[in-house]
>>> print(open('upload_9.pdb').read())   # PDB, C-alpha atoms
ATOM      1  CA  MET A 133     -19.827  -5.352 -15.852
ATOM      2  CA  LYS A 134     -16.170  -4.627 -16.576
ATOM      3  CA  SER A 135     -13.547  -6.325 -14.402
ATOM      4  CA  LEU A 136      -9.933  -5.306 -13.913
ATOM      5  CA  HIS A 137      -8.692  -8.147 -16.156
ATOM      6  CA  GLN A 138     -10.546  -6.711 -19.135
ATOM      7  CA  ALA A 139      -7.977  -3.922 -19.224
ATOM      8  CA  HIS A 140      -5.083  -4.480 -21.617
ATOM      9  CA  PHE A 141      -1.463  -3.418 -21.373
ATOM     10  CA  ASP A 142       0.342  -4.480 -24.521
ATOM     11  CA  SER A 143       3.696  -2.979 -23.567
ATOM     12  CA  VAL A 144       5.740  -1.610 -20.701
ATOM     13  CA  ASP A 145       5.552   1.852 -22.271
ATOM     14  CA  LEU A 146       1.747   1.807 -22.054
ATOM     15  CA  VAL A 147       1.994   1.044 -18.333
ATOM     16  CA  ALA A 148       4.400   3.957 -17.823
ATOM     17  CA  LYS A 149       2.059   6.297 -19.722
ATOM     18  CA  ALA A 150      -0.918   5.105 -17.686
ATOM     19  CA  PHE A 151       0.926   5.874 -14.456
ATOM     20  CA  ALA A 152       1.908   9.309 -15.743
ATOM     21  CA  SER A 153      -1.787  10.009 -16.390
ATOM     22  CA  VAL A 154      -2.464   9.634 -12.662
ATOM     23  CA  ASP A 155       0.620  11.701 -11.662
ATOM     24  CA  TYR A 156       2.819   8.737 -10.750
ATOM     25  CA  ILE A 157       6.177   8.865 -12.493
ATOM     26  CA  ALA A 158       7.254   5.243 -12.847
ATOM     27  CA  SER A 159      10.784   4.175 -13.660
ATOM     28  CA  ARG A 160      11.314   1.559 -16.368
ATOM     29  CA  GLU A 161      11.857  -1.074 -13.672
ATOM     30  CA  ILE A 162       8.574  -0.223 -11.928
ATOM     31  CA  ALA A 163       6.587  -0.183 -15.184
ATOM     32  CA  THR A 164       8.083  -3.526 -16.221
ATOM     33  CA  SER A 165       7.239  -5.195 -12.901
ATOM     34  CA  VAL A 166       3.644  -3.970 -12.997
ATOM     35  CA  TYR A 167       3.277  -5.013 -16.640
ATOM     36  CA  LEU A 168       4.441  -8.526 -15.772
ATOM     37  CA  GLY A 169       2.442  -8.748 -12.532
ATOM     38  CA  PHE A 170      -0.752  -7.690 -14.273
ATOM     39  CA  ASN A 171      -0.412 -10.002 -17.276
ATOM     40  CA  LEU A 172       0.914 -12.992 -15.323
ATOM     41  CA  GLU A 173      -1.640 -12.349 -12.547
ATOM     42  CA  LYS A 174       1.028 -12.609  -9.871
ATOM     43  CA  PRO A 175       1.343 -10.594  -6.637
ATOM     44  CA  ILE A 176       4.130  -8.009  -6.526
ATOM     45  CA  LEU A 177       6.305  -7.715  -3.420
ATOM     46  CA  VAL A 178       7.524  -4.100  -3.361
ATOM     47  CA  GLU A 179      10.478  -3.446  -1.069
ATOM     48  CA  GLY A 180      12.446  -0.310  -0.311
ATOM     49  CA  PRO A 181      12.823   2.501   2.212
ATOM     50  CA  ALA A 182       9.772   4.356   3.510
ATOM     51  CA  GLY A 183       8.457   7.209   1.393
ATOM     52  CA  VAL A 184       9.682   6.138  -2.056
ATOM     53  CA  GLY A 185       6.188   5.544  -3.466
ATOM     54  CA  LYS A 186       5.397   1.904  -2.677
ATOM     55  CA  THR A 187       1.888   2.582  -1.370
ATOM     56  CA  GLU A 188       1.263   5.217  -4.049
ATOM     57  CA  LEU A 189       2.049   2.570  -6.668
ATOM     58  CA  ALA A 190      -0.967   0.493  -5.600
ATOM     59  CA  LYS A 191      -3.178   3.585  -5.342
ATOM     60  CA  GLY A 192      -2.180   4.662  -8.830
ATOM     61  CA  MET A 193      -2.923   1.205 -10.273
ATOM     62  CA  ALA A 194      -6.392   1.164  -8.707
ATOM     63  CA  GLU A 195      -7.107   4.546 -10.286
ATOM     64  CA  ILE A 196      -5.839   3.400 -13.680
ATOM     65  CA  LEU A 197      -7.986   0.245 -13.608
ATOM     66  CA  ASP A 198     -10.973   2.067 -12.077
ATOM     67  CA  VAL A 199     -11.453  -0.589  -9.387
ATOM     68  CA  PRO A 200     -11.555  -0.295  -5.592
ATOM     69  CA  LEU A 201      -8.338  -0.155  -3.603
ATOM     70  CA  ILE A 202      -8.611  -2.369  -0.525
ATOM     71  CA  ARG A 203      -5.816  -1.757   1.952
ATOM     72  CA  MET A 204      -4.777  -4.001   4.801
ATOM     73  CA  GLN A 205      -2.312  -2.356   7.157
ATOM     74  CA  CYS A 206      -0.074  -4.941   8.815
ATOM     75  CA  TYR A 207       1.189  -4.751  12.381
ATOM     76  CA  GLU A 208       2.578  -7.032  15.068
ATOM     77  CA  GLY A 209      -0.167  -9.307  16.398
ATOM     78  CA  LEU A 210      -2.321  -9.136  13.249
ATOM     79  CA  ASP A 211      -4.219 -12.422  12.907
ATOM     80  CA  GLU A 212      -6.768 -14.082  10.629
ATOM     81  CA  SER A 213      -9.788 -12.593  12.364
ATOM     82  CA  LYS A 214      -8.537  -9.022  11.833
ATOM     83  CA  ALA A 215      -7.512  -9.696   8.241
ATOM     84  CA  LEU A 216     -10.331 -11.951   7.052
ATOM     85  CA  TYR A 217     -13.521 -11.712   9.106
ATOM     86  CA  GLU A 218     -14.990 -11.518  12.593
ATOM     87  CA  TRP A 219     -18.343 -12.693  13.879
ATOM     88  CA  LYS A 220     -20.783 -10.041  15.077
ATOM     89  CA  TYR A 221     -21.189 -11.472  18.560
ATOM     90  CA  GLY A 222     -23.530  -8.719  19.712
ATOM     91  CA  LYS A 223     -25.867  -9.394  16.810
ATOM     92  CA  GLN A 224     -25.707 -13.143  17.472
ATOM     93  CA  LEU A 225     -26.608 -12.521  21.113
ATOM     94  CA  LEU A 226     -29.575 -10.406  20.082
ATOM     95  CA  TYR A 227     -30.683 -13.137  17.706
ATOM     96  CA  THR A 228     -30.443 -15.684  20.538
ATOM     97  CA  GLN A 229     -32.787 -13.586  22.647
ATOM     98  CA  LEU A 230     -35.179 -13.266  19.723
ATOM     99  CA  LEU A 231     -35.209 -17.049  19.260
ATOM    100  CA  LYS A 232     -35.913 -17.512  22.952
ATOM    101  CA  ASP A 233     -38.902 -15.149  22.795
ATOM    102  CA  LYS A 234     -40.252 -16.841  19.654
ATOM    103  CA  LEU A 235     -39.513 -20.429  20.681
ATOM    104  CA  GLY A 236     -43.177 -21.327  21.065
ATOM    105  CA  GLU A 237     -44.081 -20.088  17.587
ATOM    106  CA  MET A 238     -41.085 -21.893  16.078
ATOM    107  CA  MET A 239     -42.083 -25.235  17.537
ATOM    108  CA  GLN A 240     -45.665 -25.109  16.243
ATOM    109  CA  GLY A 241     -46.392 -28.133  14.083
ATOM    110  CA  ALA A 242     -43.331 -30.051  15.242
ATOM    111  CA  VAL A 243     -44.207 -33.590  16.360
ATOM    112  CA  GLY A 244     -41.555 -35.390  18.369
ATOM    113  CA  LEU A 245     -37.999 -34.585  19.351
ATOM    114  CA  ALA A 246     -36.458 -35.120  15.914
ATOM    115  CA  ALA A 247     -38.862 -32.685  14.221
ATOM    116  CA  SER A 248     -38.266 -30.096  16.962
ATOM    117  CA  MET A 249     -34.486 -30.388  16.597
ATOM    118  CA  ASP A 250     -34.738 -29.987  12.838
ATOM    119  CA  LYS A 251     -36.631 -26.726  13.295
ATOM    120  CA  LEU A 252     -34.033 -25.458  15.770
ATOM    121  CA  HIS A 253     -31.122 -26.403  13.519
ATOM    122  CA  ALA A 254     -32.675 -24.514  10.622
ATOM    123  CA  HIS A 255     -32.359 -21.316  12.655
ATOM    124  CA  ASP A 256     -29.079 -22.275  14.329
ATOM    125  CA  ASP A 257     -27.287 -22.313  10.954
ATOM    126  CA  LEU A 258     -27.998 -18.609  10.595
ATOM    127  CA  PHE A 259     -25.632 -17.851  13.480
ATOM    128  CA  PHE A 260     -22.670 -18.650  11.262
ATOM    129  CA  SER A 261     -23.874 -17.201   7.990
ATOM    130  CA  GLU A 262     -22.630 -14.107   6.191
ATOM    131  CA  HIS A 263     -25.508 -12.194   7.806
ATOM    132  CA  PHE A 264     -23.565 -12.252  11.085
ATOM    133  CA  LEU A 265     -20.113 -11.830   9.584
ATOM    134  CA  GLU A 266     -18.028  -8.633   9.719
ATOM    135  CA  PRO A 267     -15.844  -8.660   6.585
ATOM    136  CA  ARG A 268     -12.242  -7.549   6.877
ATOM    137  CA  PRO A 269      -9.903  -6.536   3.999
ATOM    138  CA  LEU A 270      -9.039 -10.009   2.646
ATOM    139  CA  TYR A 271     -12.662 -11.137   2.697
ATOM    140  CA  GLN A 272     -13.755  -7.891   1.019
ATOM    141  CA  ALA A 273     -11.120  -8.298  -1.697
ATOM    142  CA  LEU A 274     -12.307 -11.806  -2.598
ATOM    143  CA  HIS A 275     -15.922 -10.612  -2.907
ATOM    144  CA  GLN A 276     -15.421  -7.682  -5.281
ATOM    145  CA  GLU A 277     -17.605  -8.228  -8.339
ATOM    146  CA  ARG A 278     -15.198  -6.331 -10.626
ATOM    147  CA  GLY A 279     -12.028  -7.240  -8.828
ATOM    148  CA  CYS A 280      -9.822  -4.823  -6.923
ATOM    149  CA  VAL A 281      -6.288  -3.811  -6.133
ATOM    150  CA  LEU A 282      -5.391  -5.389  -2.804
ATOM    151  CA  LEU A 283      -2.646  -3.559  -0.912
ATOM    152  CA  ILE A 284      -1.066  -5.549   1.918
ATOM    153  CA  ASP A 285       0.910  -2.704   3.433
ATOM    154  CA  GLU A 286       4.098  -3.166   5.483
ATOM    155  CA  ILE A 287       3.931  -6.965   5.498
ATOM    156  CA  ASP A 288       7.297  -7.001   7.297
ATOM    157  CA  LYS A 289       5.584  -5.657  10.440
ATOM    158  CA  SER A 290       3.362  -8.735  10.727
ATOM    159  CA  ASP A 291       4.349 -11.986  12.436
ATOM    160  CA  PRO A 292       5.732 -14.976  10.489
ATOM    161  CA  GLU A 293       2.566 -16.913  11.440
ATOM    162  CA  PHE A 294       0.400 -14.376   9.627
ATOM    163  CA  GLU A 295       2.733 -14.461   6.647
ATOM    164  CA  ALA A 296       2.175 -18.241   6.504
ATOM    165  CA  PHE A 297      -1.599 -17.704   6.536
ATOM    166  CA  LEU A 298      -1.289 -15.427   3.504
ATOM    167  CA  LEU A 299       0.263 -18.186   1.422
ATOM    168  CA  GLU A 300      -3.114 -19.820   0.697
ATOM    169  CA  VAL A 301      -4.549 -16.484  -0.402
ATOM    170  CA  LEU A 302      -1.606 -15.658  -2.675
ATOM    171  CA  SER A 303      -1.391 -19.163  -4.162
ATOM    172  CA  ASP A 304      -5.030 -19.825  -5.006
ATOM    173  CA  PHE A 305      -6.811 -16.573  -4.153
ATOM    174  CA  GLN A 306      -9.069 -18.430  -1.797
ATOM    175  CA  VAL A 307      -9.441 -18.849   1.958
ATOM    176  CA  SER A 308     -10.948 -21.519   4.149
ATOM    177  CA  VAL A 309     -13.567 -20.443   6.691
ATOM    178  CA  PRO A 310     -14.467 -23.376   8.980
ATOM    179  CA  GLU A 311     -18.101 -22.307   9.348
ATOM    180  CA  LEU A 312     -18.643 -21.405   5.683
ATOM    181  CA  GLY A 313     -16.201 -23.570   3.725
ATOM    182  CA  THR A 314     -13.798 -22.433   1.015
ATOM    183  CA  ILE A 315     -14.307 -18.937  -0.373
ATOM    184  CA  LYS A 316     -12.826 -18.253  -3.811
ATOM    185  CA  ALA A 317     -12.257 -14.853  -5.333
ATOM    186  CA  LYS A 318     -15.047 -13.756  -7.666
ATOM    187  CA  VAL A 319     -12.378 -11.918  -9.676
ATOM    188  CA  LYS A 320      -8.713 -12.450  -8.903
ATOM    189  CA  PRO A 321      -7.364  -9.221  -7.340
ATOM    190  CA  LEU A 322      -4.147  -7.521  -8.330
ATOM    191  CA  VAL A 323      -2.047  -7.739  -5.166
ATOM    192  CA  PHE A 324       0.739  -5.461  -3.980
ATOM    193  CA  LEU A 325       2.655  -6.281  -0.811
ATOM    194  CA  THR A 326       4.954  -3.583   0.558
ATOM    195  CA  SER A 327       7.911  -4.001   2.889
ATOM    196  CA  ASN A 328      10.309  -1.545   4.513
ATOM    197  CA  ASN A 329      12.793  -4.390   5.078
ATOM    198  CA  THR A 330      12.479  -4.455   8.872
ATOM    199  CA  ARG A 331      12.672  -8.255   8.617
ATOM    200  CA  GLU A 332      13.369 -10.795   5.882
ATOM    201  CA  MET A 333      10.372 -12.293   4.119
ATOM    202  CA  SER A 334      10.135 -16.084   3.885
ATOM    203  CA  ASP A 335      11.228 -17.958   0.769
ATOM    204  CA  ALA A 336       7.698 -19.363   0.413
ATOM    205  CA  LEU A 337       6.217 -15.867   0.213
ATOM    206  CA  LYS A 338       8.854 -14.638  -2.202
ATOM    207  CA  ARG A 339       8.269 -17.613  -4.522
ATOM    208  CA  ARG A 340       4.651 -16.576  -4.951
ATOM    209  CA  CYS A 341       5.482 -12.985  -5.847
ATOM    210  CA  LEU A 342       7.350 -10.930  -8.393
ATOM    211  CA  HIS A 343       9.978  -8.861  -6.617
ATOM    212  CA  LEU A 344      10.377  -5.109  -7.082
ATOM    213  CA  HIS A 345      12.812  -2.947  -5.148
ATOM    214  CA  ILE A 346      12.178   0.801  -5.257
ATOM    215  CA  SER A 347      15.207   2.761  -4.119
ATOM    216  CA  PHE A 348      15.653   6.507  -3.863
ATOM    217  CA  PRO A 349      15.367   7.891  -7.397
ATOM    218  CA  LYS A 350      18.223   9.333  -9.374
ATOM    219  CA  ALA A 351      18.266  13.100  -9.783
ATOM    220  CA  ALA A 352      16.680  13.172 -13.258
ATOM    221  CA  LEU A 353      13.729  11.020 -12.176
ATOM    222  CA  GLU A 354      13.248  12.996  -8.950
ATOM    223  CA  ARG A 355      13.123  16.244 -10.962
ATOM    224  CA  ARG A 356      10.427  14.718 -13.190
ATOM    225  CA  ILE A 357       8.446  13.743 -10.108
ATOM    226  CA  LEU A 358       8.588  17.323  -8.804
ATOM    227  CA  GLU A 359       7.572  18.700 -12.196
ATOM    228  CA  ARG A 360       4.435  16.570 -12.020
ATOM    229  CA  ARG A 361       3.627  16.867  -8.304
ATOM    230  CA  VAL A 362       4.672  20.523  -7.711
ATOM    231  CA  PRO A 363       3.983  22.204 -11.045
ATOM    232  CA  GLY A 364       4.556  25.776  -9.773
ATOM    233  CA  LEU A 365       8.218  25.094  -8.987
ATOM    234  CA  SER A 366      10.694  26.870 -11.251
ATOM    235  CA  ALA A 367      13.176  24.790 -13.225
ATOM    236  CA  THR A 368      16.092  26.440 -11.407
ATOM    237  CA  LEU A 369      14.752  25.772  -7.921
ATOM    238  CA  ASN A 370      13.787  22.247  -8.985
ATOM    239  CA  ARG A 371      17.393  21.481  -9.967
ATOM    240  CA  GLU A 372      18.870  23.095  -6.833
ATOM    241  CA  LEU A 373      16.412  21.410  -4.491
ATOM    242  CA  VAL A 374      16.905  17.935  -5.953
ATOM    243  CA  ALA A 375      20.691  18.350  -6.019
ATOM    244  CA  PHE A 376      20.634  19.335  -2.334
ATOM    245  CA  ILE A 377      18.444  16.372  -1.362
ATOM    246  CA  GLN A 378      20.680  14.009  -3.326
ATOM    247  CA  ALA A 379      23.711  15.388  -1.462
ATOM    248  CA  VAL A 380      21.979  15.053   1.922
ATOM    249  CA  ARG A 381      21.278  11.378   1.182
ATOM    250  CA  GLN A 382      25.034  10.812   1.081
ATOM    251  CA  LEU A 383      25.332  11.805   4.765
ATOM    252  CA  ASP A 384      25.339   9.358   7.650
ATOM    253  CA  LEU A 385      21.784  10.029   8.872
ATOM    254  CA  LYS A 386      19.338   8.115  11.011
ATOM    255  CA  LYS A 387      16.614   8.617   8.383
ATOM    256  CA  LEU A 388      17.351   9.708   4.843
ATOM    257  CA  PRO A 389      14.841  12.107   3.258
ATOM    258  CA  SER A 390      12.285  10.267   1.119
ATOM    259  CA  VAL A 391      10.641  11.315  -2.136
ATOM    260  CA  SER A 392       7.474  12.294  -0.263
ATOM    261  CA  GLU A 393       9.585  14.595   1.913
ATOM    262  CA  THR A 394      11.244  16.084  -1.180
ATOM    263  CA  ILE A 395       7.755  16.934  -2.432
ATOM    264  CA  ASP A 396       6.820  18.448   0.934
ATOM    265  CA  TRP A 397       9.962  20.585   0.910
ATOM    266  CA  ALA A 398       9.261  21.789  -2.627
ATOM    267  CA  LYS A 399       5.759  22.853  -1.576
ATOM    268  CA  THR A 400       7.232  24.571   1.494
ATOM    269  CA  LEU A 401       9.699  26.576  -0.597
ATOM    270  CA  LEU A 402       6.866  27.629  -2.893
ATOM    271  CA  LEU A 403       4.894  28.912   0.098
ATOM    272  CA  LEU A 404       7.961  30.879   1.200
ATOM    273  CA  HIS A 405       8.336  32.355  -2.327
ATOM    274  CA  ALA A 406      11.912  31.087  -2.535
ATOM    275  CA  GLU A 407      13.602  31.436  -5.918
ATOM    276  CA  HIS A 408      16.946  29.902  -4.973
ATOM    277  CA  LEU A 409      18.347  27.909  -2.101
ATOM    278  CA  ASN A 410      20.254  29.977   0.426
ATOM    279  CA  LEU A 411      21.645  29.367   3.882
ATOM    280  CA  ASP A 412      18.761  30.919   5.805
ATOM    281  CA  VAL A 413      15.861  29.327   3.950
ATOM    282  CA  VAL A 414      17.448  25.878   4.070
ATOM    283  CA  ARG A 415      18.217  26.056   7.784
ATOM    284  CA  ASP A 416      14.696  27.306   8.520
ATOM    285  CA  THR A 417      13.121  24.383   6.684
ATOM    286  CA  LEU A 418      15.435  21.445   7.430
ATOM    287  CA  ASN A 419      12.773  19.975   9.729
ATOM    288  CA  VAL A 420      10.491  19.452   6.733
ATOM    289  CA  PHE A 421      12.640  16.632   5.355
ATOM    290  CA  LEU A 422      14.842  15.678   8.330
ATOM    291  CA  LYS A 423      12.906  14.152  11.208
ATOM    292  CA  PHE A 424      15.575  13.724  13.901
ATOM    293  CA  GLU A 425      17.434  16.479  15.743
ATOM    294  CA  GLN A 426      20.656  14.519  15.363
ATOM    295  CA  ASP A 427      20.204  14.496  11.555
ATOM    296  CA  ILE A 428      19.443  18.229  11.495
ATOM    297  CA  ALA A 429      22.642  18.879  13.469
ATOM    298  CA  THR A 430      24.639  16.718  11.036
ATOM    299  CA  ALA A 431      23.270  18.606   8.022
ATOM    300  CA  ASN A 432      23.841  22.011   9.688
ATOM    301  CA  ALA A 433      27.458  21.126  10.370
ATOM    302  CA  GLN A 434      28.034  20.586   6.632
ATOM    303  CA  MET A 435      25.617  23.184   5.303
ATOM    304  CA  SER A 436      28.124  25.261   3.345
ATOM    305  CA  THR A 437      29.546  22.208   1.608
ATOM    306  CA  LEU A 438      26.069  20.845   0.840
ATOM    307  CA  LEU A 439      24.872  24.128  -0.666
ATOM    308  CA  GLN A 440      28.042  24.531  -2.710
ATOM    309  CA  GLN A 441      27.713  20.989  -4.063
ATOM    310  CA  ALA A 442      24.004  21.459  -4.809
ATOM    311  CA  ARG A 443      24.613  24.663  -6.780
ATOM    312  CA  LYS A 444      27.455  23.062  -8.699
ATOM    313  CA  ASP A 445      25.355  20.004  -9.602
ATOM    314  CA  ALA A 446      22.317  22.133 -10.497
ATOM    315  CA  GLU A 447      24.327  24.371 -12.831
ATOM    316  CA  SER A 448      26.046  21.528 -14.682
ATOM    317  CA  PRO A 449      24.937  21.071 -18.323
ATOM    318  CA  ARG A 450      24.031  17.490 -17.546
ATOM    319  CA  ALA A 451      21.523  18.619 -14.912
ATOM    320  CA  SER A 452      20.047  21.280 -17.152
ATOM    321  CA  HIS A 453      19.328  18.889 -20.022
ATOM    322  CA  ALA A 454      18.566  15.651 -18.190
TER     323      ALA A 454
END
>>> encode(input="upload_9.pdb", output="structure tokens")
Amino acid sequence: MKSLHQAHFDSVDLVAKAFASVDYIASREIATSVYLGFNLEKPILVEGPAGVGKTELAKGMAEILDVPLIRMQCYEGLDESKALYEWKYGKQLLYTQLLKDKLGEMMQGAVGLAASMDKLHAHDDLFFSEHFLEPRPLYQALHQERGCVLLIDEIDKSDPEFEAFLLEVLSDFQVSVPELGTIKAKVKPLVFLTSNNTREMSDALKRRCLHLHISFPKAALERRILERRVPGLSATLNRELVAFIQAVRQLDLKKLPSVSETIDWAKTLLLLHAEHLNLDVVRDTLNVFLKFEQDIATANAQMSTLLQQARKDAESPRASHA
């Protein structure tokens, strides 16, 4: 049975090509970090604003390696039981009732208190066996026969105490379960941790990971992403759209438009059969990539300047041949 570590990436270029095959356009920096993380078997801490492709990076890697993607969404109050395992208390209660009903049969042949206790303990151990355990993402990841890509999403939303718990997993790819002992990974998973930088990660966590920061892409890379993700978009509209988004990101906004929102806007313009950007179509669709009324008002106030700049950038020889 093939595991994820039987795959081979002999160069950064091969990683970039593999990502392109699953419609993820990776920059040189991204491809290099994944190449190193895979071959060094180290977790990758991926930081950057929301919507730049951090989660999609892990999804793309799972598809490339043909292994399961196991995702653990982090949030405030997340603890070990939600991340690792929980006991099926209802099933344990049912088992208790069954033991009570069958107590007479169980004790047959037992002579003396010691023999009776031994028989009871033989069944008592089952209460804290995997039969009564509800596996959560970390537990599932350690038990994958072929390995997996483990995505620990938005780690910055979790509490520092949970971050400390993760250190054992990321150091040795094992966890300690009091009732079951130490559980080691059958195949070491490839781990991606994502962060939107809502809080600083600890030095201990960062030491265990390779660091990758994904920022908003430059215009040439964003055009390549649209070519792959929205293939029906004309080259002219692609250049104008990306130039406009790049100009909007220079404004003082509450939330800058992400790459995923650029893709959504491109699909929207296709549905509207737009061939060029104009004042009306942009104003009608601002809400696709701007999510706050204050930001929409800011963009509307500078609409003429933004459109003029976008057309100028889109028509430049550098944009046409990049």
>>> resolve_selection(input="upload_9.pdb", expression="the PyMOL selection byres ((chain A and resi 140) around 12)", output="list in words")
Ser135, Leu136, His137, Gln138, Ala139, Phe141, Asp142, Ser143, Val144, Leu146, Val147, Ala150, Tyr167, Leu168, Phe170, Asn171, Ile196 and Leu197 of chain A
>>> residues_near_point(input="upload_9.pdb", point="(4.5, -5.2, -7.6)", cutoff="10 Å", atoms="all atoms listed in the file", output="list in words")
Ile162, Ala163, Thr164, Ser165, Val166, Tyr167, Leu168, Gly169, Phe170, Lys174, Pro175, Ile176, Leu177, Val178, Glu179, Lys186, Leu189, Ala190, Leu283, Leu322, Val323, Phe324, Leu325, Thr326, Cys341, Leu342, His343, Leu344 and His345 of chain A
>>> resolve_selection(input="upload_9.pdb", expression="the PyMOL selection byres ((chain A and resi 407) around 10)", output="JSON, numbers by chain")
{"A": [365, 366, 367, 368, 369, 370, 372, 401, 402, 404, 405, 406, 408, 409, 410]}
>>> resolve_selection(input="upload_9.pdb", expression="the PyMOL selection byres ((chain A and resi 276) around 10)", output="list in words")
Ser135, Val199, Pro200, Ile202, Tyr271, Gln272, Ala273, Leu274, His275, Glu277, Arg278, Gly279, Cys280, Val281, Ala317, Lys318, Val319, Lys320 and Pro321 of chain A
>>> closest_residue(input="upload_9.pdb", among="A:Glu173, A:Pro292, A:Asp155, A:Asp285", to="Gly209 (chain A)", atoms="all atoms listed in the file")
A:Pro292
>>> atom_distance(input="upload_9.pdb", atom1="CA of Thr330 (chain A)", atom2="CA of Lys386 (chain A)")
14.5 Å
>>> residues_around(input="upload_9.pdb", residues="Asn329 (chain A)", least_positions_apart="6", cutoff="12 Å", atoms="only C-alpha atoms", output="PDB file with C-alpha atoms, in the frame of the given file")
ATOM      1  CA  LEU A 177       6.305  -7.715  -3.420  1.00  0.00           C
ATOM      2  CA  VAL A 178       7.524  -4.100  -3.361  1.00  0.00           C
ATOM      3  CA  GLU A 179      10.478  -3.446  -1.069  1.00  0.00           C
ATOM      4  CA  GLY A 180      12.446  -0.310  -0.311  1.00  0.00           C
ATOM      5  CA  PRO A 181      12.823   2.501   2.212  1.00  0.00           C
ATOM      6  CA  ALA A 182       9.772   4.356   3.510  1.00  0.00           C
ATOM      7  CA  GLU A 286       4.098  -3.166   5.483  1.00  0.00           C
ATOM      8  CA  ILE A 287       3.931  -6.965   5.498  1.00  0.00           C
ATOM      9  CA  ASP A 288       7.297  -7.001   7.297  1.00  0.00           C
ATOM     10  CA  LYS A 289       5.584  -5.657  10.440  1.00  0.00           C
ATOM     11  CA  SER A 290       3.362  -8.735  10.727  1.00  0.00           C
ATOM     12  CA  HIS A 345      12.812  -2.947  -5.148  1.00  0.00           C
ATOM     13  CA  ILE A 346      12.178   0.801  -5.257  1.00  0.00           C
ATOM     14  CA  SER A 347      15.207   2.761  -4.119  1.00  0.00           C
TER      15      SER A 347
END
>>> atom_distance(input="upload_9.pdb", atom1="CA of Met204 (chain A)", atom2="CA of Ile284 (chain A)")
4.9 Å
>>> atom_distance(input="upload_9.pdb", atom1="CA of Phe297 (chain A)", atom2="CA of Val309 (chain A)")
12.3 Å
>>> closest_residue(input="upload_9.pdb", among="A:Ala148, A:Leu383, A:Ala433, A:Ile357", to="Ala398 (chain A)", atoms="all atoms listed in the file")
A:Ile357
>>> residues_around(input="upload_9.pdb", residues="Val391 (chain A)", least_positions_apart="6", cutoff="12 Å", atoms="only C-alpha atoms", output="PyMOL selection string")
chain A and resi 156-157+180-186+188+346-351+353-358+361+373-374+377-378+381+397-398+421
>>> residues_around(input="upload_9.pdb", residues="Pro269 (chain A)", least_positions_apart="6", cutoff="9 Å", atoms="all atoms listed in the file", output="list in words")
Ile202, Arg203, Met204, Lys214, Ala215, Leu216, Tyr217 and Leu282 of chain A
>>> closest_residue(input="upload_9.pdb", among="A:Asp396, A:Glu332, A:Glu195, A:Asp145", to="Glu295 (chain A)", atoms="only C-alpha atoms")
A:Glu332
>>> residues_around(input="upload_9.pdb", residues="Asp384 (chain A)", least_positions_apart="3", cutoff="9 Å", atoms="all atoms listed in the file", output="PyMOL selection string")
chain A and resi 380-381+387-388+427+430
>>> write_last_selection(input="upload_9.pdb", atoms="C-alpha atoms", output="short mmCIF file (atom, residue, chain, number, x, y, z; two decimals), in the coordinates of the input")
data_model
loop_
_atom_site.label_atom_id
_atom_site.label_comp_id
_atom_site.auth_asym_id
_atom_site.auth_seq_id
_atom_site.Cartn_x
_atom_site.Cartn_y
_atom_site.Cartn_z
CA VAL A 380 21.98 15.05 1.92
CA ARG A 381 21.28 11.38 1.18
CA LYS A 387 16.61 8.62 8.38
CA LEU A 388 17.35 9.71 4.84
CA ASP A 427 20.20 14.50 11.56
CA THR A 430 24.64 16.72 11.04
#
>>> closest_residue(input="upload_9.pdb", among="A:Glu300, A:Ala194, A:Thr187, A:Gly364", to="Ser392 (chain A)", atoms="all atoms listed in the file")
A:Thr187
